[in-house]
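Heads up: the structure comes next, in structure tokens.
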Amino acid sequence: MRYLFDPPKVFAVPVKGEAAAYPVRRIFCVGRNYAAHAAEMGGEVDREAPWYFTKSVAHAVLSGATLDYPAGTTNYHHEMELAFAIGAEVFDAGEAEAAAAIFAYGCALDMTRRDRQQDGKDHRRPWSLGKDVEGSAVFAEMTLAADFGIADQEIALSVNGDPRQHGKLNDMVWSPIEIVMHLSKFYHLGPGDVVMTGTPSGVGPVVAGDGIHGTIEGLSPVELTLMVTKS
């Protein structure tokens, strides 16, 4: 088939020890998955079930990217997260099936126009302008699930070397397995689906020129540099 213009290139994340990269088709994000972060945002955790928003794959970049400070905001925030990739087709998965479906884990950044997100909250409108921002989903090289087990690993973020965020993976309200079990009740999940699992407390603003560095023990770090917006 001929196209009127070239279709976008496939966005793919490298996987440690693998010759081939992981192509991404959908990005799901879990909201308020750390109680301390929910509190700092003036909310609380919904302990009945996790809830979600999405980001466009077109807005994803790899760790090490250098991007302009985004338009339309004066309050751009960092959010350090654990991401995981699905490697098998699942729907309404049980615990064992959900665990087997997780292919790999990695560090990620969920960058957020906090002022635009607040606009949405204030007016009971969608968060898209706040969350689905160009270059706002940043992914580091992933590690196979067989080589990484979730326990009490530290998750942390610094800006220009100054510590900002700190927590433990076992602080998550909903584990990756529980997320897959719940999310697969609403979507036919499969290879290409990535889930960002929420952020610990300590989120805050960054400005043009800042360097962001996020880590989780046992995983490759994630990095992003913000430059001055071009006029």
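Numbering starts fresh at 1 for the residues of each chain in the structure tokens, the chains themselves are lettered A, B, ... in the order given, and ligands are numbered from 1 as they appear.
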
Stretch 23-36 of chain A: which residues within 7 Å, counting only C-alpha atoms, same-chain residues fewer than 5 positions away excluded, as a PyMOL selection string? chain A and resi 10-13+44-45+50-57+171-174+192-201

* Nearby residues (only C-alpha atoms) at most 10 Å from A:Asn170, same-chain spacing under 4 positions excluded, as a PyMOL selection string -> chain A and resi 34+150-155+174-175

Selected residues, all heavy atoms, written as a tab-separated table (two decimals), in the first residue's frame, please.
chain	number	residue	atom	x	y	z
A	34	TYR	N	1.87	5.18	44.90
A	34	TYR	CA	2.66	5.32	46.13
A	34	TYR	C	1.87	6.25	47.05
A	34	TYR	O	1.52	7.37	46.66
A	34	TYR	CB	4.03	5.94	45.86
A	34	TYR	CG	5.00	5.04	45.12
A	34	TYR	CD1	4.89	4.84	43.74
A	34	TYR	CD2	6.04	4.41	45.79
A	34	TYR	CE1	5.78	4.03	43.06
A	34	TYR	CE2	6.95	3.61	45.11
A	34	TYR	CZ	6.82	3.42	43.76
A	34	TYR	OH	7.71	2.62	43.08
A	150	ILE	N	11.35	-8.03	41.97
A	150	ILE	CA	10.98	-6.85	42.76
A	150	ILE	C	10.98	-7.19	44.24
A	150	ILE	O	10.34	-8.15	44.69
A	150	ILE	CB	9.61	-6.32	42.32
A	150	ILE	CG1	9.70	-5.78	40.90
A	150	ILE	CG2	9.11	-5.23	43.27
A	150	ILE	CD1	8.40	-5.25	40.37
A	151	ALA	N	11.71	-6.38	45.00
A	151	ALA	CA	11.76	-6.51	46.46
A	151	ALA	C	11.77	-5.11	47.05
A	151	ALA	O	10.88	-4.31	46.77
A	151	ALA	CB	12.98	-7.34	46.86
A	152	ASP	N	12.80	-4.81	47.83
A	152	ASP	CA	12.88	-3.49	48.47
A	152	ASP	C	13.93	-2.60	47.81
A	152	ASP	O	14.54	-1.76	48.47
A	152	ASP	CB	13.17	-3.64	49.96
A	152	ASP	CG	14.50	-4.31	50.24
A	152	ASP	OD1	15.11	-4.87	49.29
A	152	ASP	OD2	14.95	-4.30	51.40
A	153	GLN	N	14.12	-2.76	46.49
A	153	GLN	CA	15.11	-1.94	45.79
A	153	GLN	C	14.77	-0.46	45.90
A	153	GLN	O	13.60	-0.07	45.88
A	153	GLN	CB	15.19	-2.32	44.30
A	153	GLN	CG	15.69	-3.73	44.04
A	153	GLN	CD	14.56	-4.70	43.81
A	153	GLN	OE1	13.48	-4.55	44.37
A	153	GLN	NE2	14.79	-5.70	42.97
A	154	GLU	N	15.80	0.36	45.98
A	154	GLU	CA	15.62	1.81	46.06
A	154	GLU	C	15.31	2.36	44.67
A	154	GLU	O	15.91	1.98	43.68
A	154	GLU	CB	16.88	2.47	46.59
A	154	GLU	CG	16.80	3.98	46.69
A	154	GLU	CD	18.09	4.61	47.19
A	154	GLU	OE1	18.95	4.94	46.34
A	154	GLU	OE2	18.24	4.75	48.41
A	155	ILE	N	14.35	3.27	44.62
A	155	ILE	CA	14.04	4.04	43.42
A	155	ILE	C	14.31	5.50	43.76
A	155	ILE	O	13.85	5.99	44.81
A	155	ILE	CB	12.59	3.81	42.95
A	155	ILE	CG1	12.25	4.70	41.75
A	155	ILE	CG2	11.57	3.98	44.07
A	155	ILE	CD1	10.91	4.39	41.11
A	174	TRP	N	0.11	-1.21	44.34
A	174	TRP	CA	-0.24	-2.29	43.43
A	174	TRP	C	1.03	-2.78	42.75
A	174	TRP	O	1.74	-2.02	42.10
A	174	TRP	CB	-1.24	-1.81	42.38
A	174	TRP	CG	-2.48	-1.22	42.99
A	174	TRP	CD1	-2.78	0.10	43.14
A	174	TRP	CD2	-3.55	-1.94	43.60
A	174	TRP	NE1	-3.98	0.26	43.79
A	174	TRP	CE2	-4.49	-0.99	44.07
A	174	TRP	CE3	-3.84	-3.30	43.77
A	174	TRP	CZ2	-5.66	-1.35	44.71
A	174	TRP	CZ3	-5.02	-3.65	44.40
A	174	TRP	CH2	-5.90	-2.69	44.86
A	175	SER	N	1.33	-4.06	42.89
A	175	SER	CA	2.52	-4.66	42.28
A	175	SER	C	2.30	-4.82	40.78
A	175	SER	O	1.15	-4.81	40.30
A	175	SER	CB	2.79	-6.02	42.90
A	175	SER	OG	1.81	-6.97	42.47

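Note that atom CA of A:Val180 and atom CA of A:Glu97 are 9.1 Å apart.
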
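Using only C-alpha atoms, the shortest contact distance between A:Gly72 and any of A:Asn160, A:Gly94, A:Ala104, A:Arg114 is found at A:Arg114.
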
Using DSSP secondary structure from the backbone, list all strand (DSSP E) positions within stretch 6-219 of chain A, as an MDAnalysis selection string. chainID A and resid 12:13 22:23 26:30 52:55 60:62 65:68 76:78 80:86 102:110 112:113 137:139 143:144 154:159 162:168 193:196 204:206 211:216
